[in-house]
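Enquirer: Below is one structure. I have some questions about it.
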Amino acid sequence: MKKYFLYSILLLSVLACEENVKFNNPSFQGVKENVFWRAVTTTATVGSGGALTINAYTRDEQIILKTSTTAANTFNLGVNNNNTATYILTDSNGNSTFATSTGKGDGQITITEYDTANKTISGTFRFNAINTSSNPVAGTTLNFQQGVFYKVPVTP
């Protein structure tokens with residue numbers, strides 16, 4: 001009787017094992033104002049001159065990262081208008097926009113891999129963007145740290 005009991009316990013333990021693996025591929029996420037933030041949808045496009053634009057969306061938020069090229073490189077923000085980060089929040093108060101541009105805000109976008117065969121792009125980012133909207137409720141700056149985009153599909 002003890003054998004049957006041990007065999008049934010062993011059988012139940014084997015059947016109860018299951019792998020619940022969830023891949024976050026593609027991914028766009030980071031820490032916005034010290035709170036974890038993850039995009040629901042992410043797209044990337046390459047313009048005719050080779051400029052890269054990555055758009056990441058949640059229900060009422062959008063982040064737009066722009067670089068002058070898709071080459072693996074680090075792009076400093078707040079230096080020019082070719083490499084920028086923009087955050088847009090749409091809520092009951094209207095649109096709140098935070099952006100970097102020449103002399104406004106700072107940060108970096110680093111492209112670590114542009115896979116031309118699979119048409120994906122990966123890298124990291126961080127930025128401090130300035131409130132460019134007329135909505136004073138939104139605050140004066142927006143901080144985004146530890147940002148990562150991974151294997152985001154690129155369309156020409």
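Each chain in the structure tokens gets a letter, A, B, ..., in the order shown, and its residues are numbered from 1; ligands are numbered from 1 in order too.
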Do a neighbour search on A:Tyr87 at 8 Å with only C-alpha atoms, toss out local chain neighbours closer than 3 positions, and write the hits as a list in words.
Expert: Glu61, Gln62, Ile63, Ile64, Thr97, Phe98, Ala99 and Ala129 of chain A
Enquirer: Would you save the residues from that selection as a CSV table (one decimal), in the first residue's frame, using C-alpha atoms?
Expert:
chain,number,residue,atom,x,y,z
A,61,GLU,CA,1.4,57.8,-23.1
A,62,GLN,CA,3.9,58.0,-25.9
A,63,ILE,CA,7.7,58.1,-26.0
A,64,ILE,CA,9.5,59.1,-29.2
A,97,THR,CA,4.6,67.2,-23.7
A,98,PHE,CA,8.2,66.9,-22.4
A,99,ALA,CA,11.1,67.1,-24.9
A,129,ALA,CA,13.1,66.3,-20.7
Enquirer: Quick one: residues within 8 Å of A:Phe28, only C-alpha atoms, excluding same-chain residues fewer than 6 positions away - as an NGL selection string?
Expert: :A and (38-39 or 42 or 56 or 147-150 or 152)
Enquirer: If you run DSSP on the backbone here, which positions in stretch 11-153 of chain A get alpha helix (DSSP H)? Please write them as a VMD selection string.
Expert: chain A and resid 11 to 16
Enquirer: For A:Ser133, which of A:Asn55, A:Thr74, A:Thr84, A:Ser96 is the closest residue, counting only C-alpha atoms?
Expert: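 Of the candidates, the smallest distance to A:Ser133 is held by A:Ser96.
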Enquirer: Residues at most 12 Å from A:Thr100, counting only C-alpha atoms, excluding those fewer than 2 positions away in the same chain, as an MDAnalysis selection string?
Expert: chainID A and resid 63:66 76:87 97:98 102:109 126:132 141:144
Enquirer: Next, write the just-selected residues to a file, as a compact mmCIF listing (two decimals), in the first residue's frame, keeping C-alpha atoms as the atom set.
Expert:
# COMPACT_ATOMS: atom_id res chain seq x y z
CA ILE A 63 7.70 58.13 -26.00
CA ILE A 64 9.50 59.11 -29.20
CA LEU A 65 13.26 58.57 -29.49
CA LYS A 66 15.04 59.99 -32.54
CA ASN A 76 23.81 62.78 -26.54
CA LEU A 77 20.49 64.56 -26.04
CA GLY A 78 20.04 68.29 -25.50
CA VAL A 79 22.84 69.08 -27.95
CA ASN A 80 20.93 69.32 -31.24
CA ASN A 81 17.54 68.65 -32.81
CA ASN A 82 18.72 65.51 -34.67
CA ASN A 83 18.89 63.35 -31.52
CA THR A 84 15.88 63.87 -29.26
CA ALA A 85 13.55 62.25 -26.74
CA THR A 86 9.90 63.26 -26.40
CA TYR A 87 7.28 62.12 -23.87
CA THR A 97 4.65 67.23 -23.67
CA PHE A 98 8.22 66.92 -22.40
CA THR A 102 19.15 72.11 -28.57
CA GLY A 103 20.03 73.48 -25.12
CA LYS A 104 16.99 71.85 -23.46
CA GLY A 105 17.16 68.73 -21.35
CA ASP A 106 19.85 66.07 -21.44
CA GLY A 107 20.40 62.34 -21.68
CA GLN A 108 21.65 59.63 -24.00
CA ILE A 109 20.37 57.11 -26.50
CA ARG A 126 17.91 57.86 -20.35
CA PHE A 127 16.77 61.47 -20.42
CA ASN A 128 15.64 64.53 -18.50
CA ALA A 129 13.07 66.32 -20.66
CA ILE A 130 11.68 69.83 -20.27
CA ASN A 131 7.94 70.61 -20.18
CA THR A 132 7.21 72.21 -23.57
CA THR A 141 10.87 68.26 -16.01
CA LEU A 142 10.43 64.54 -16.58
CA ASN A 143 13.11 62.02 -15.63
CA PHE A 144 13.46 58.67 -17.41
